[in-house]
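As stored in protein_0.txt (compact mmCIF, C-alpha atoms and all ligand atoms):
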# COMPACT_ATOMS: atom_id res chain seq x y z
CA MET J 1 -6.89 -14.08 -13.91
CA SER J 2 -5.11 -11.91 -16.46
CA ALA J 3 -3.04 -8.78 -15.90
CA GLU J 4 -5.84 -6.80 -17.59
CA GLN J 5 -8.34 -8.07 -15.02
CA TRP J 6 -6.03 -7.25 -12.11
CA ALA J 7 -5.65 -3.73 -13.47
CA ALA J 8 -9.39 -3.32 -14.07
CA VAL J 9 -10.17 -4.40 -10.50
CA ASP J 10 -7.48 -2.07 -9.15
CA ASP J 11 -9.06 0.81 -11.11
CA TYR J 12 -12.53 -0.09 -9.83
CA LEU J 13 -11.37 -0.28 -6.19
CA ALA J 14 -9.41 2.96 -6.45
CA GLN J 15 -12.37 4.76 -8.01
CA LYS J 16 -14.75 3.52 -5.31
CA LEU J 17 -12.55 3.78 -2.24
CA VAL J 18 -9.56 6.05 -2.77
CA ASP J 19 -10.08 9.77 -2.68
CA GLU J 20 -7.44 11.20 -4.98
CA ASP J 21 -7.68 14.96 -5.40
CA HIS J 22 -6.14 17.14 -8.11
CA ALA J 23 -2.74 17.48 -6.41
CA LEU J 24 -2.42 13.73 -5.88
CA ARG J 25 -3.56 12.90 -9.40
CA THR J 26 -1.18 15.44 -10.91
CA ALA J 27 1.69 14.01 -8.84
CA ARG J 28 0.92 10.45 -9.93
CA GLU J 29 0.64 11.46 -13.59
CA SER J 30 3.91 13.40 -13.39
CA SER J 31 5.79 10.24 -12.51
CA SER J 32 5.86 9.63 -16.27
CA ASP J 33 8.27 12.61 -16.46
CA THR J 34 10.68 11.09 -13.92
CA LEU J 35 13.64 8.90 -14.78
CA TYR J 36 11.59 5.83 -13.80
CA PRO J 37 8.08 6.15 -15.25
CA GLY J 38 5.40 3.84 -13.95
CA ILE J 39 6.99 2.63 -10.74
CA ASP J 40 5.22 4.97 -8.33
CA VAL J 41 2.85 3.34 -5.85
CA THR J 42 -0.68 2.71 -7.09
CA PRO J 43 -3.62 4.73 -5.75
CA THR J 44 -4.75 1.73 -3.71
CA MET J 45 -1.26 1.43 -2.20
CA GLY J 46 -1.24 5.19 -1.53
CA GLY J 47 -4.53 4.75 0.30
CA PHE J 48 -3.01 1.87 2.25
CA LEU J 49 0.00 3.94 3.33
CA ALA J 50 -2.29 6.78 4.38
CA LEU J 51 -4.41 4.46 6.50
CA LEU J 52 -1.30 2.91 8.04
CA VAL J 53 -0.07 6.39 9.02
CA GLN J 54 -3.40 7.13 10.68
CA ILE J 55 -3.76 3.73 12.35
CA THR J 56 -0.27 4.00 13.86
CA GLY J 57 -0.53 7.73 14.60
CA ALA J 58 2.80 8.31 12.85
CA VAL J 59 4.02 11.91 12.84
CA ARG J 60 7.69 11.35 12.00
CA ILE J 61 7.91 9.56 8.69
CA LEU J 62 10.94 8.61 6.62
CA GLU J 63 10.74 7.55 2.99
CA ILE J 64 13.52 6.05 0.91
CA GLY J 65 12.82 6.74 -2.78
CA THR J 66 10.76 9.88 -3.48
CA LEU J 67 10.25 9.53 -7.25
CA ALA J 68 7.55 12.15 -8.02
CA GLY J 69 6.49 12.53 -4.40
CA TYR J 70 3.17 10.72 -4.78
CA SER J 71 3.56 8.40 -1.78
CA ALA J 72 5.05 11.23 0.33
CA LEU J 73 1.95 13.34 -0.41
CA TRP J 74 -0.33 10.51 0.68
CA MET J 75 1.56 10.01 3.95
CA ALA J 76 1.93 13.72 4.75
CA ARG J 77 -1.74 14.42 4.12
CA ALA J 78 -2.74 11.50 6.32
CA ALA J 79 -0.37 12.52 9.11
CA GLY J 80 -1.64 16.07 9.33
CA PRO J 81 -0.08 19.54 9.54
CA GLY J 82 2.10 18.90 12.61
CA ALA J 83 3.79 15.88 11.05
CA ARG J 84 7.04 15.68 9.11
CA VAL J 85 7.95 13.49 6.17
CA ILE J 86 11.62 13.25 5.22
CA THR J 87 12.05 11.65 1.82
CA CYS J 88 15.36 10.62 0.21
CA GLU J 89 15.93 10.82 -3.54
CA LEU J 90 19.08 10.13 -5.53
CA GLU J 91 18.05 11.66 -8.84
CA GLU J 92 17.93 15.47 -9.18
CA ARG J 93 15.32 15.29 -11.93
CA ASN J 94 12.97 13.20 -9.82
CA ALA J 95 13.52 15.46 -6.81
CA ASP J 96 12.75 18.58 -8.88
CA ILE J 97 9.49 17.06 -10.10
CA ALA J 98 8.60 15.94 -6.57
CA GLN J 99 9.30 19.40 -5.17
CA GLU J 100 6.88 20.92 -7.68
CA ASN J 101 4.22 18.39 -6.68
CA ILE J 102 4.81 19.06 -2.98
CA ASP J 103 4.56 22.81 -3.48
CA ARG J 104 1.40 22.43 -5.59
CA ALA J 105 -0.17 20.39 -2.78
CA GLY J 106 0.79 23.06 -0.23
CA LEU J 107 2.90 20.57 1.73
CA GLY J 108 6.25 22.35 1.52
CA GLU J 109 6.39 22.75 5.31
CA GLN J 110 5.66 19.11 6.05
CA ILE J 111 7.73 17.29 3.43
CA GLN J 112 11.49 17.69 3.09
CA ILE J 113 13.36 16.08 0.22
CA LEU J 114 16.94 15.07 1.04
CA ARG J 115 18.85 14.71 -2.21
CA GLY J 116 21.66 12.23 -2.75
CA PRO J 117 22.34 8.54 -2.12
CA ALA J 118 19.88 7.42 0.56
CA ALA J 119 22.45 5.23 2.33
CA GLU J 120 24.61 8.34 2.90
CA THR J 121 21.65 10.48 3.89
CA MET J 122 20.56 7.85 6.41
CA GLN J 123 24.08 7.63 7.85
CA SER J 124 24.16 11.39 8.31
CA LEU J 125 20.75 11.33 10.02
CA ILE J 126 22.14 8.63 12.34
CA SER J 127 25.29 10.60 13.13
CA GLN J 128 23.27 13.79 13.72
CA GLY J 129 21.29 11.82 16.32
CA ALA J 130 17.98 12.30 14.48
CA GLU J 131 14.88 11.52 16.53
CA PRO J 132 13.53 8.06 15.73
CA PHE J 133 10.91 7.76 13.01
CA ASP J 134 7.48 6.29 13.68
CA LEU J 135 7.06 4.91 10.17
CA ILE J 136 9.63 4.20 7.47
CA PHE J 137 8.66 3.39 3.88
CA ILE J 138 11.47 1.85 1.83
CA ASP J 139 10.82 2.00 -1.93
CA ALA J 140 14.10 2.65 -3.74
CA ASP J 141 16.73 0.44 -5.43
CA LYS J 142 15.99 -3.08 -4.29
CA LYS J 143 19.58 -4.27 -4.26
CA SER J 144 20.30 -1.91 -1.35
CA ASN J 145 17.37 -3.04 0.79
CA PRO J 146 19.54 -4.94 3.32
CA ASP J 147 21.54 -1.74 3.93
CA TYR J 148 18.41 0.40 4.06
CA LEU J 149 16.93 -1.97 6.64
CA ASP J 150 20.05 -1.79 8.83
CA ALA J 151 20.05 2.01 8.71
CA ALA J 152 16.27 2.21 9.18
CA LEU J 153 16.56 0.15 12.35
CA GLN J 154 19.08 2.64 13.71
CA LEU J 155 16.57 5.40 12.94
CA SER J 156 13.67 3.63 14.63
CA ARG J 157 12.44 2.84 18.15
CA PRO J 158 10.50 -0.06 19.65
CA GLY J 159 7.07 0.16 18.05
CA SER J 160 8.24 1.75 14.81
CA VAL J 161 6.64 0.36 11.67
CA LEU J 162 8.48 -0.31 8.42
CA VAL J 163 7.01 -1.01 5.00
CA ILE J 164 9.28 -2.31 2.24
CA ASP J 165 7.81 -2.20 -1.26
CA ASN J 166 8.32 -4.67 -4.09
CA THR J 167 9.49 -7.72 -2.19
CA VAL J 168 7.82 -10.33 -4.42
CA ARG J 169 8.96 -9.18 -7.87
CA GLY J 170 6.65 -11.34 -9.97
CA GLY J 171 7.53 -14.35 -7.81
CA ALA J 172 11.27 -14.04 -8.46
CA VAL J 173 11.90 -13.73 -4.71
CA ILE J 174 11.93 -17.52 -4.42
CA ASP J 175 14.65 -17.93 -7.06
CA ALA J 176 17.71 -18.77 -4.97
CA SER J 177 19.91 -19.02 -8.07
CA SER J 178 19.01 -15.56 -9.44
CA HIS J 179 21.88 -13.32 -10.54
CA ASP J 180 19.62 -10.25 -10.56
CA PRO J 181 21.03 -7.84 -7.93
CA ASP J 182 17.49 -6.78 -7.00
CA ILE J 183 16.49 -10.38 -6.24
CA ILE J 184 19.73 -11.08 -4.39
CA GLY J 185 19.09 -7.90 -2.34
CA THR J 186 15.50 -8.91 -1.65
CA ARG J 187 16.51 -12.38 -0.50
CA ARG J 188 19.26 -10.95 1.74
CA LEU J 189 16.67 -8.59 3.15
CA MET J 190 14.43 -11.55 4.01
CA ASP J 191 17.39 -13.35 5.67
CA ARG J 192 18.17 -10.27 7.79
CA ILE J 193 14.56 -9.91 8.86
CA ALA J 194 14.35 -13.61 9.69
CA SER J 195 17.46 -13.46 11.87
CA ASP J 196 16.56 -10.28 13.80
CA SER J 197 14.60 -11.15 16.94
CA ARG J 198 13.56 -7.48 17.33
CA LEU J 199 11.36 -7.70 14.26
CA THR J 200 7.84 -8.98 13.81
CA ALA J 201 7.14 -9.23 10.10
CA THR J 202 4.85 -10.48 7.42
CA ALA J 203 4.64 -10.03 3.67
CA LEU J 204 1.60 -9.78 1.42
CA GLN J 205 1.49 -10.54 -2.26
CA THR J 206 -0.38 -8.03 -4.40
CA VAL J 207 -1.83 -8.06 -7.89
CA GLY J 208 -3.14 -4.97 -9.63
CA SER J 209 -2.22 -2.35 -12.19
CA LYS J 210 1.49 -3.01 -11.55
CA GLY J 211 1.22 -6.77 -12.03
CA TRP J 212 2.29 -9.29 -9.41
CA ASP J 213 4.39 -7.99 -6.54
CA GLY J 214 3.98 -7.41 -2.83
CA PHE J 215 5.29 -5.67 0.23
CA THR J 216 6.81 -6.57 3.57
CA LEU J 217 5.43 -5.07 6.77
CA LEU J 218 7.55 -4.99 9.93
CA ARG J 219 7.22 -3.79 13.47
CA ARG J 220 10.17 -3.35 15.75
CA THR J 221 9.34 -4.84 19.13
C1 LIG F 301 10.36 -1.19 -9.57
C2 LIG F 301 10.50 -0.36 -8.48
C3 LIG F 301 9.42 -0.05 -7.69
O1 LIG F 301 9.53 0.73 -6.60
C4 LIG F 301 8.16 -0.55 -8.00
O2 LIG F 301 7.14 -0.24 -7.18
C5 LIG F 301 8.01 -1.38 -9.10
C6 LIG F 301 9.11 -1.69 -9.89
C7 LIG F 301 11.53 -1.52 -10.39
O3 LIG F 301 12.61 -1.02 -10.10
O4 LIG F 301 11.38 -2.29 -11.31
MG MG F 302 7.84 0.50 -5.31
Starting from the file, lay out its structure as structure tokens.
Ligand code: DHB
Ligand code: MG
Amino acid sequence: MSAEQWAAVDDYLAQKLVDEDHALRTARESSSDTLYPGIDVTPTMGGFLALLVQITGAVRILEIGTLAGYSALWMARAAGPGARVITCELEERNADIAQENIDRAGLGEQIQILRGPAAETMQSLISQGAEPFDLIFIDADKKSNPDYLDAALQLSRPGSVLVIDNTVRGGAVIDASSHDPDIIGTRRLMDRIASDSRLTATALQTVGSKGWDGFTLLRRT
């Protein structure tokens, strides 16, 4: 199958199954104004995150990598008015765009953007003794994923669910000789997961409008 066919099927499935309203669509489209256009989650992935929130009953949600706020909107909507989404973003420009999208969606009470390097933000949440999160979505710089996992585990409890985006990278994850920091980070992430007996994990490959990638799903036992 070609990339065009993957994208066409993704579009078809999203149109049939994923209910994206004006605020969500505007947020997704505004990702082209961020510093990293085109790397937001797809509508089908947004729908997946929303279902995961509802299936797990998550009400305390942490996101690493806000971009335009599209995935945070999906998760906050799914979690309902009593829930809280804390989302970490390094880039001021992205955070400004996300804040506009959050305000437009009327989710300013539920979603809080914490600006700055996520590793530092997570450390300060740990030292403040933040309540554990029910669901943590990691979708930022891939080279830091081993560190994000370590910090996320300190911000979780038995039963917490973690989703880590982009762990296949067009198949490059199996390249043990790669010098790409993102691939090295992804492979270290896999090694950490494999060696942590607290974690039950799997990973699914995806094709669609963003090509060939995938995500890793974990539950802390
Ligand atoms: C990249 C980052 C993402 O979060 C994504 O979903 C796709 C690509 C990237 O940095 O290339
Ligand atoms: Mg991603």
I want to know what sits within 8 Å of Phe215 of chain J, based on all atoms listed in the file, with residues of the same chain fewer than 4 positions away left out; could you give that as a tab-separated table (two decimals) with C-alpha atoms, keeping the file's coordinate frame?
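Output below, filename around.tsv:
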chain	number	residue	atom	x	y	z
J	163	VAL	CA	7.01	-1.01	5.00
J	164	ILE	CA	9.28	-2.31	2.24
J	165	ASP	CA	7.81	-2.20	-1.26
J	166	ASN	CA	8.32	-4.67	-4.09
J	167	THR	CA	9.49	-7.72	-2.19
J	168	VAL	CA	7.82	-10.33	-4.42
J	203	ALA	CA	4.64	-10.03	3.67
J	204	LEU	CA	1.60	-9.78	1.42
J	205	GLN	CA	1.49	-10.54	-2.26
J	206	THR	CA	-0.38	-8.03	-4.40
Name all residues at most 8 Å from segment 117-123 of chain J (count all atoms listed in the file; drop same-chain ones fewer than 5 positions away) and give them as a compact mmCIF listing (two decimals) with C-alpha atoms, in the coordinates of the input.
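Below you can see result.txt, which holds the result:
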# COMPACT_ATOMS: atom_id res chain seq x y z
CA ILE J 64 13.52 6.05 0.91
CA GLY J 65 12.82 6.74 -2.78
CA CYS J 88 15.36 10.62 0.21
CA GLU J 89 15.93 10.82 -3.54
CA LEU J 90 19.08 10.13 -5.53
CA ASP J 147 21.54 -1.74 3.93
CA TYR J 148 18.41 0.40 4.06
CA ALA J 151 20.05 2.01 8.71
CA ALA J 152 16.27 2.21 9.18
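Proximity to Trp74 of chain J at 9 Å, evaluated using all atoms listed in the file and with sequence-adjacent residues fewer than 4 positions away removed, yields J:Leu24, J:Gly46, J:Gly47, J:Leu49, J:Ala50, J:Gly69, J:Tyr70, J:Ala78, J:Ala79.
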Store the residues picked out above, limited to C-alpha atoms, as an mmCIF file, keeping the file's coordinate frame.
data_model
loop_
_atom_site.group_PDB
_atom_site.id
_atom_site.type_symbol
_atom_site.label_atom_id
_atom_site.label_comp_id
_atom_site.auth_asym_id
_atom_site.auth_seq_id
_atom_site.Cartn_x
_atom_site.Cartn_y
_atom_site.Cartn_z
ATOM 1 C CA LEU J 24 -2.420 13.730 -5.880
ATOM 2 C CA GLY J 46 -1.240 5.190 -1.530
ATOM 3 C CA GLY J 47 -4.530 4.750 0.300
ATOM 4 C CA LEU J 49 0.000 3.940 3.330
ATOM 5 C CA ALA J 50 -2.290 6.780 4.380
ATOM 6 C CA GLY J 69 6.490 12.530 -4.400
ATOM 7 C CA TYR J 70 3.170 10.720 -4.780
ATOM 8 C CA ALA J 78 -2.740 11.500 6.320
ATOM 9 C CA ALA J 79 -0.370 12.520 9.110
#
Open item on the list: Show me which residues line ligand MG 302 (chain F), defined as having an atom within 8 Å of a ligand atom where only C-alpha atoms and all ligand atoms count, and present them as a list in words.
Closed with: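 After applying the 8 Å limit, what remains is Ile39, Asp40, Val41, Asp139, Ala140, Asp165 and Asn166 of chain J.
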Would you save the residues of that selection, restricted to C-alpha atoms, as an mmCIF file, in the coordinates of the input?
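The resulting file, part38.cif, is shown below:
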data_model
loop_
_atom_site.group_PDB
_atom_site.id
_atom_site.type_symbol
_atom_site.label_atom_id
_atom_site.label_comp_id
_atom_site.auth_asym_id
_atom_site.auth_seq_id
_atom_site.Cartn_x
_atom_site.Cartn_y
_atom_site.Cartn_z
ATOM 1 C CA ILE J 39 6.990 2.630 -10.740
ATOM 2 C CA ASP J 40 5.220 4.970 -8.330
ATOM 3 C CA VAL J 41 2.850 3.340 -5.850
ATOM 4 C CA ASP J 139 10.820 2.000 -1.930
ATOM 5 C CA ALA J 140 14.100 2.650 -3.740
ATOM 6 C CA ASP J 165 7.810 -2.200 -1.260
ATOM 7 C CA ASN J 166 8.320 -4.670 -4.090
#
Task: Counting all atoms listed in the file, the residue of J:Ala8, J:Ile136, J:Leu35, J:Val18 that sits nearest ligand LIG 301 (chain F) - done: J:Leu35
Kindly list the centre and edge lengths in Å, rounded to one decimal, for the axis-aligned box that covers all listed atoms of ligand LIG 301 (chain F) plus 5 Å on each of its six sides, as lines of an AutoDock Vina configuration file.
center_x = 9.9
center_y = -0.8
center_z = -9.0
size_x = 15.5
size_y = 13.0
size_z = 14.7
- [ ] Rank J:Leu114, J:Leu162, J:Leu218, J:Met190 by their smallest atom-to-atom distance to Lys142 of chain J, using all atoms listed in the file, and report the top residue only.
- [x]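 Distance minimum relative to Lys142 of chain J lands on J:Met190.
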Open item on the list: As an exercise, work out the distance from atom CA of Gly80 of chain J to atom CA of Pro37 of chain J in Å and give it to one decimal place.
Closed with: 28.2 Å
TODO: Can you work out which one of J:Ala68, J:Val59, J:Leu125, J:Leu17 has the shortest atom-to-atom distance to Gln99 of chain J, counting only C-alpha atoms?
DONE: J:Ala68
Task: Coordinates-based distance that separates atom CA of Thr44 of chain J from atom CA of Tyr12 of chain J (Å, one decimal) - done: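 Calculated distance between atom CA of Tyr12 of chain J and atom CA of Thr44 of chain J is 10.1 Å.
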TODO: Using all atoms listed in the file, give me every residue within 10 Å of (3.3, 18.5, 12.8) in file coordinates, as a list of chain:residue names.
DONE: J:Val59, J:Arg60, J:Ala76, J:Ala79, J:Gly80, J:Pro81, J:Gly82, J:Ala83, J:Arg84, J:Val85, J:Glu109, J:Gln110
Any chance you can output those residues with C-alpha atoms as a PDB file, in the coordinates of the input?
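To be explicit, this is the file written out as part05.pdb:
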ATOM      1  CA  VAL J  59       4.020  11.910  12.840  1.00  0.00           C
ATOM      2  CA  ARG J  60       7.690  11.350  12.000  1.00  0.00           C
ATOM      3  CA  ALA J  76       1.930  13.720   4.750  1.00  0.00           C
ATOM      4  CA  ALA J  79      -0.370  12.520   9.110  1.00  0.00           C
ATOM      5  CA  GLY J  80      -1.640  16.070   9.330  1.00  0.00           C
ATOM      6  CA  PRO J  81      -0.080  19.540   9.540  1.00  0.00           C
ATOM      7  CA  GLY J  82       2.100  18.900  12.610  1.00  0.00           C
ATOM      8  CA  ALA J  83       3.790  15.880  11.050  1.00  0.00           C
ATOM      9  CA  ARG J  84       7.040  15.680   9.110  1.00  0.00           C
ATOM     10  CA  VAL J  85       7.950  13.490   6.170  1.00  0.00           C
ATOM     11  CA  GLU J 109       6.390  22.750   5.310  1.00  0.00           C
ATOM     12  CA  GLN J 110       5.660  19.110   6.050  1.00  0.00           C
TER      13      GLN J 110
END
TODO: Tell me which of J:Ser160, J:Ser30, J:Ser71, J:Ser2 sits closest to ligand LIG 301 (chain F), counting all atoms listed in the file.
DONE: J:Ser71
TODO: Mind giving me the straight-line distance from atom CA of Glu100 of chain J to atom CA of Asp21 of chain J in Å, one decimal?
DONE: 15.9 Å
As a JSON list (two decimals) with C-alpha atoms, in the frame of the given file, please: the residues near Lys210 of chain J (cut-off 10 Å, only C-alpha atoms, same-chain neighbours under 6 positions excluded).
[["chain", "number", "residue", "atom", "x", "y", "z"],
["J", 3, "ALA", "CA", -3.04, -8.78, -15.90],
["J", 6, "TRP", "CA", -6.03, -7.25, -12.11],
["J", 7, "ALA", "CA", -5.65, -3.73, -13.47],
["J", 10, "ASP", "CA", -7.48, -2.07, -9.15],
["J", 38, "GLY", "CA", 5.40, 3.84, -13.95],
["J", 39, "ILE", "CA", 6.99, 2.63, -10.74],
["J", 40, "ASP", "CA", 5.22, 4.97, -8.33],
["J", 41, "VAL", "CA", 2.85, 3.34, -5.85],
["J", 42, "THR", "CA", -0.68, 2.71, -7.09],
["J", 170, "GLY", "CA", 6.65, -11.34, -9.97]]
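Candidate residues J:Val207, J:Ala27, J:Ala72, J:Leu217 were compared for distance to Asp11 of chain J, and the nearest is J:Val207, using all atoms listed in the file.
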Task: Surrounding residues of Ile183 of chain J excluding itself and chain neighbours under 4 positions, 12 Å, only C-alpha atoms, as JSON, numbers by chain - done: {"J": [141, 142, 143, 144, 145, 146, 166, 167, 168, 169, 170, 171, 172, 173, 174, 175, 176, 177, 178, 179, 187, 188, 189, 190]}
TODO: May I ask which of the residues J:Arg219, J:Gly108, J:Tyr36, J:Leu155 is the closest one to ligand LIG 301 (chain F), counting all atoms listed in the file?
DONE: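 With all atoms listed in the file as the atom set, the closest residue is J:Tyr36.
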Could you extract segment 81-91 of chain J of the given structure into a file holding all heavy atoms, as a PDB file, in the first residue's frame?
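Dumped everything to out_16.pdb:
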ATOM      1  N   PRO J  81     -15.839  17.622  32.916  1.00  0.00           N
ATOM      2  CA  PRO J  81     -15.566  18.909  33.570  1.00  0.00           C
ATOM      3  C   PRO J  81     -14.796  18.818  34.879  1.00  0.00           C
ATOM      4  O   PRO J  81     -14.068  19.736  35.225  1.00  0.00           O
ATOM      5  CB  PRO J  81     -16.966  19.491  33.819  1.00  0.00           C
ATOM      6  CG  PRO J  81     -17.951  18.525  33.310  1.00  0.00           C
ATOM      7  CD  PRO J  81     -17.261  17.361  32.701  1.00  0.00           C
ATOM      8  N   GLY J  82     -14.907  17.706  35.598  1.00  0.00           N
ATOM      9  CA  GLY J  82     -14.195  17.603  36.881  1.00  0.00           C
ATOM     10  C   GLY J  82     -12.733  17.219  36.732  1.00  0.00           C
ATOM     11  O   GLY J  82     -11.985  17.222  37.712  1.00  0.00           O
ATOM     12  N   ALA J  83     -12.326  16.890  35.524  1.00  0.00           N
ATOM     13  CA  ALA J  83     -10.975  16.358  35.310  1.00  0.00           C
ATOM     14  C   ALA J  83      -9.970  17.476  35.075  1.00  0.00           C
ATOM     15  O   ALA J  83     -10.338  18.619  34.797  1.00  0.00           O
ATOM     16  CB  ALA J  83     -10.997  15.410  34.118  1.00  0.00           C
ATOM     17  N   ARG J  84      -8.696  17.137  35.227  1.00  0.00           N
ATOM     18  CA  ARG J  84      -7.627  18.101  34.992  1.00  0.00           C
ATOM     19  C   ARG J  84      -6.590  17.510  34.043  1.00  0.00           C
ATOM     20  O   ARG J  84      -6.151  16.381  34.231  1.00  0.00           O
ATOM     21  CB  ARG J  84      -6.917  18.446  36.301  1.00  0.00           C
ATOM     22  CG  ARG J  84      -7.732  19.316  37.242  1.00  0.00           C
ATOM     23  CD  ARG J  84      -7.899  20.745  36.697  1.00  0.00           C
ATOM     24  NE  ARG J  84      -8.843  21.537  37.481  1.00  0.00           N
ATOM     25  CZ  ARG J  84     -10.158  21.552  37.296  1.00  0.00           C
ATOM     26  NH1 ARG J  84     -10.724  20.827  36.346  1.00  0.00           N
ATOM     27  NH2 ARG J  84     -10.937  22.292  38.050  1.00  0.00           N
ATOM     28  N   VAL J  85      -6.198  18.316  33.067  1.00  0.00           N
ATOM     29  CA  VAL J  85      -5.099  17.949  32.181  1.00  0.00           C
ATOM     30  C   VAL J  85      -3.975  18.953  32.404  1.00  0.00           C
ATOM     31  O   VAL J  85      -4.188  20.166  32.250  1.00  0.00           O
ATOM     32  CB  VAL J  85      -5.527  17.967  30.695  1.00  0.00           C
ATOM     33  CG1 VAL J  85      -4.341  17.659  29.780  1.00  0.00           C
ATOM     34  CG2 VAL J  85      -6.668  16.990  30.447  1.00  0.00           C
ATOM     35  N   ILE J  86      -2.811  18.460  32.784  1.00  0.00           N
ATOM     36  CA  ILE J  86      -1.626  19.315  32.862  1.00  0.00           C
ATOM     37  C   ILE J  86      -0.776  18.972  31.655  1.00  0.00           C
ATOM     38  O   ILE J  86      -0.479  17.794  31.402  1.00  0.00           O
ATOM     39  CB  ILE J  86      -0.846  19.081  34.169  1.00  0.00           C
ATOM     40  CG1 ILE J  86      -1.673  19.599  35.348  1.00  0.00           C
ATOM     41  CG2 ILE J  86       0.513  19.763  34.123  1.00  0.00           C
ATOM     42  CD1 ILE J  86      -1.008  19.436  36.691  1.00  0.00           C
ATOM     43  N   THR J  87      -0.417  19.982  30.877  1.00  0.00           N
ATOM     44  CA  THR J  87       0.336  19.717  29.655  1.00  0.00           C
ATOM     45  C   THR J  87       1.586  20.593  29.603  1.00  0.00           C
ATOM     46  O   THR J  87       1.528  21.794  29.885  1.00  0.00           O
ATOM     47  CB  THR J  87      -0.579  19.868  28.406  1.00  0.00           C
ATOM     48  OG1 THR J  87       0.195  19.595  27.233  1.00  0.00           O
ATOM     49  CG2 THR J  87      -1.215  21.245  28.286  1.00  0.00           C
ATOM     50  N   CYS J  88       2.725  19.970  29.306  1.00  0.00           N
ATOM     51  CA  CYS J  88       4.033  20.634  29.366  1.00  0.00           C
ATOM     52  C   CYS J  88       4.493  21.024  27.966  1.00  0.00           C
ATOM     53  O   CYS J  88       4.467  20.192  27.051  1.00  0.00           O
ATOM     54  CB  CYS J  88       5.077  19.687  29.965  1.00  0.00           C
ATOM     55  SG  CYS J  88       4.638  19.053  31.581  1.00  0.00           S
ATOM     56  N   GLU J  89       4.920  22.266  27.813  1.00  0.00           N
ATOM     57  CA  GLU J  89       5.375  22.738  26.502  1.00  0.00           C
ATOM     58  C   GLU J  89       6.608  23.615  26.661  1.00  0.00           C
ATOM     59  O   GLU J  89       6.606  24.560  27.449  1.00  0.00           O
ATOM     60  CB  GLU J  89       4.248  23.502  25.796  1.00  0.00           C
ATOM     61  CG  GLU J  89       4.614  24.128  24.462  1.00  0.00           C
ATOM     62  CD  GLU J  89       5.149  23.131  23.433  1.00  0.00           C
ATOM     63  OE1 GLU J  89       4.526  22.078  23.219  1.00  0.00           O
ATOM     64  OE2 GLU J  89       6.217  23.414  22.842  1.00  0.00           O
ATOM     65  N   LEU J  90       7.626  23.310  25.887  1.00  0.00           N
ATOM     66  CA  LEU J  90       8.879  24.067  25.934  1.00  0.00           C
ATOM     67  C   LEU J  90       8.764  25.414  25.232  1.00  0.00           C
ATOM     68  O   LEU J  90       9.272  26.430  25.708  1.00  0.00           O
ATOM     69  CB  LEU J  90       9.989  23.236  25.268  1.00  0.00           C
ATOM     70  CG  LEU J  90      11.341  23.915  25.086  1.00  0.00           C
ATOM     71  CD1 LEU J  90      11.972  24.229  26.440  1.00  0.00           C
ATOM     72  CD2 LEU J  90      12.276  23.036  24.263  1.00  0.00           C
ATOM     73  N   GLU J  91       8.096  25.415  24.076  1.00  0.00           N
ATOM     74  CA  GLU J  91       8.138  26.576  23.191  1.00  0.00           C
ATOM     75  C   GLU J  91       7.012  27.557  23.499  1.00  0.00           C
ATOM     76  O   GLU J  91       5.829  27.201  23.437  1.00  0.00           O
ATOM     77  CB  GLU J  91       8.023  26.137  21.728  1.00  0.00           C
ATOM     78  CG  GLU J  91       9.076  25.131  21.284  1.00  0.00           C
ATOM     79  CD  GLU J  91      10.479  25.726  21.219  1.00  0.00           C
ATOM     80  OE1 GLU J  91      10.629  26.959  21.356  1.00  0.00           O
ATOM     81  OE2 GLU J  91      11.432  24.944  21.033  1.00  0.00           O
TER      82      GLU J  91
END
